[in-house]
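**Q** Structure provided below as structure tokens; questions to follow.
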Amino acid sequence: MFPELVTIGETMIILEAADEGPLRYIPSFNKRQGGAESNVAIGVARLGHSAGWISKVGDDEFGKYLVSSIRGEGVDTSRVLYNKEYPTGLYIKERVNPGKTQVYYYRSNSAASQLTKEDIDWNYLKEAKIIHISGITPFLSDSCLEVTQAVVAFAKENNIFLSFDPNLRFKLMDKKDNAKEILLQLAKQSDLFMPGLDEAEYLIGSRNYEEIADYFLNEGVSKIVIKNGANETYYASKAGETGAVPSFKVEHVADPVGAGDGFAAGLLAGLLENKSLRESVEMGAKVGAMVVTIRGDIEGLPDKNELENFQKNCSDVLR
């Protein structure tokens with residue numbers, strides 16, 4: 001049986017500082033996992049839908065841990081490949097102070113950066129209802145850019161719903177002179193585009209919700225969702241749906257990393273359940289709020305029961 005949603009991208013080992021302060025004073029770390037695309041796949045799977053993740057990992061202990069862990073979350077990892085020549089990527093989280101996290105990446109020449117078009121099982125991809133990609137993958141390497149562009153073209157040719165989160169990583173993008181043009185082309189070909197407000201401003205120079213939405217809807221996007229952090233999320237569609245959903249208030253932010261992936265997972269799960277765009281955005285906002293209350297990229301992703309209980313406890317926020 002093929003999964004409803006398929007994601008493609010790099011997942012890395014996270015070494016999270018066990019204490020607050022500069023890394024040079026930290027004696028121990030907690031091992032976790034993190035990757036925008038696999039985070040989304042896990043989030044969708046926890047909400048009761050089938051999801052698959054395509055990538056490459058090193059043929060090393062870290063790679064084996066990632067595949068085993070993600071598979072254990074209910075995500076299909078049957079199309080993940082092992083590479084003997086290149087290692088699994090790594091990033092380190094520094095907890096500078098409560099609520100503030102600094103991230104250091106060690107992903108140059110990682111196994112995932114060696115992904116090629118020949119590594120993709122196109123028959124597997126063809127059965128998906130939704131393909132989800134991010135703006136990270138195209139900047140891992142030239143071959144990863146080719147993979148991303150080929151996947152986007154494949155989705156359009158086969159009428160598969162394409163979801164795109166720009167997820168800007170400027171340290172990666174600096175390696176490409178035409179980074180903005182690459183992202184714009186990917187965005188314009190997506191069915192669902194979900195930038196943060198700062199990301200949209202980077203791409204087209206506007207912070208006005210309506211201007212941003214009109215631009216991308218006129219370029220061919222069918223649904224756009226603009227995230228504005230702890231404030232709200234604006235949404236619009238070619239079908240005429242427009243509005244804003246206020247963000248859920250969180251008393252204590254334990255770890256802000258992964259909130260956007262949680263939002264995407266909730267939103268995409270809502271669309272798989274044929275909810276309206278507003279209902280799907282509300283679902284995404286709830287999941288994103290839950291993620292930041294627990295350390296780790298995936299640890300706060302809820303299952304259906306947890307999501308329902310969170311909604312009851314926050315019934316005074318969304319009306």
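Here, A, B, ... name the chains of the structure tokens in the order displayed, residue numbers run from 1 inside each chain, and ligands are numbered from 1 in the same displayed order.
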Skip A:Tyr209 itself and residues of its chain fewer than 6 positions away, then list as number ranges by chain all residues within 12 Å of it, counting only C-alpha atoms.
**A** A: 195-198, 200-201, 215-216, 224-228, 232-236, 242-244
**Q** List the neighbours of A:Asp19 out to 8 Å using only C-alpha atoms; skip same-chain residues closer than 4 positions along the sequence, and give me the result as a list in words.
**A**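 So the residues in contact are Ile26, Ser28 and Arg95 of chain A.
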**Q** Residues of stretch 64-136 of chain A that have any atom at most 10 Å from an atom of stretch 11-18 of chain A: could you tabulate them with the shortest-distance atom pair and the distance in Å to one decimal, using only C-alpha atoms, ordered by chain and increasing number, as a tab-separated table?
**A**
```
residue	atom	partner	partner_atom	distance
A:Tyr65	CA	A:Ile13	CA	8.9
A:Leu66	CA	A:Ile13	CA	7.5
A:Val67	CA	A:Thr11	CA	9.4
A:Ile70	CA	A:Thr11	CA	9.7
A:Thr88	CA	A:Met12	CA	6.5
A:Gly89	CA	A:Met12	CA	4.7
A:Leu90	CA	A:Ile13	CA	4.7
A:Tyr91	CA	A:Ile14	CA	5.1
A:Ile92	CA	A:Leu15	CA	4.8
A:Lys93	CA	A:Glu16	CA	4.6
A:Glu94	CA	A:Ala17	CA	5.6
A:Arg95	CA	A:Ala17	CA	6.4
A:Val96	CA	A:Ala17	CA	9.5
A:Thr101	CA	A:Glu16	CA	9.8
A:Val103	CA	A:Glu16	CA	9.2
A:Tyr104	CA	A:Ile14	CA	9.8
A:Tyr105	CA	A:Met12	CA	9.2
A:Tyr106	CA	A:Met12	CA	9.1
A:Arg107	CA	A:Met12	CA	8.1
A:Ser110	CA	A:Met12	CA	9.3
A:Ala112	CA	A:Thr11	CA	7.9
```
**Q** From the set A:Tyr82, A:Phe263, A:Leu162, A:Met1, which residue has the shortest atom-to-atom contact distance to A:Asp297, counting only C-alpha atoms?
**A**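 Once distances to A:Asp297 are computed over only C-alpha atoms, the minimum belongs to A:Phe263.
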**Q** Atom CA of A:Val245 to atom CA of A:Gly34: how many Å, to one decimal?
**A**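 Atom-to-atom, atom CA of A:Val245 to atom CA of A:Gly34, that is 27.2 Å.
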**Q** Ranking A:Val250, A:Val44, A:Leu203, A:Leu81 by minimum distance to A:Ile130 and counting only C-alpha atoms, which one comes first?
**A**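 Closest residue, counting only C-alpha atoms: A:Val44.
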**Q** Of the candidates A:Ser68, A:Ser134, A:Gln149, A:Ser190, which shows the shortest atom-to-atom distance to A:Thr116, using only C-alpha atoms?
**A** A:Gln149
**Q** Report as a count of residues only all protein, DNA and RNA residues lying within 12 Å of A:Val291, evaluated on only C-alpha atoms, omitting residues in the same chain fewer than 3 positions from it.
**A** 38
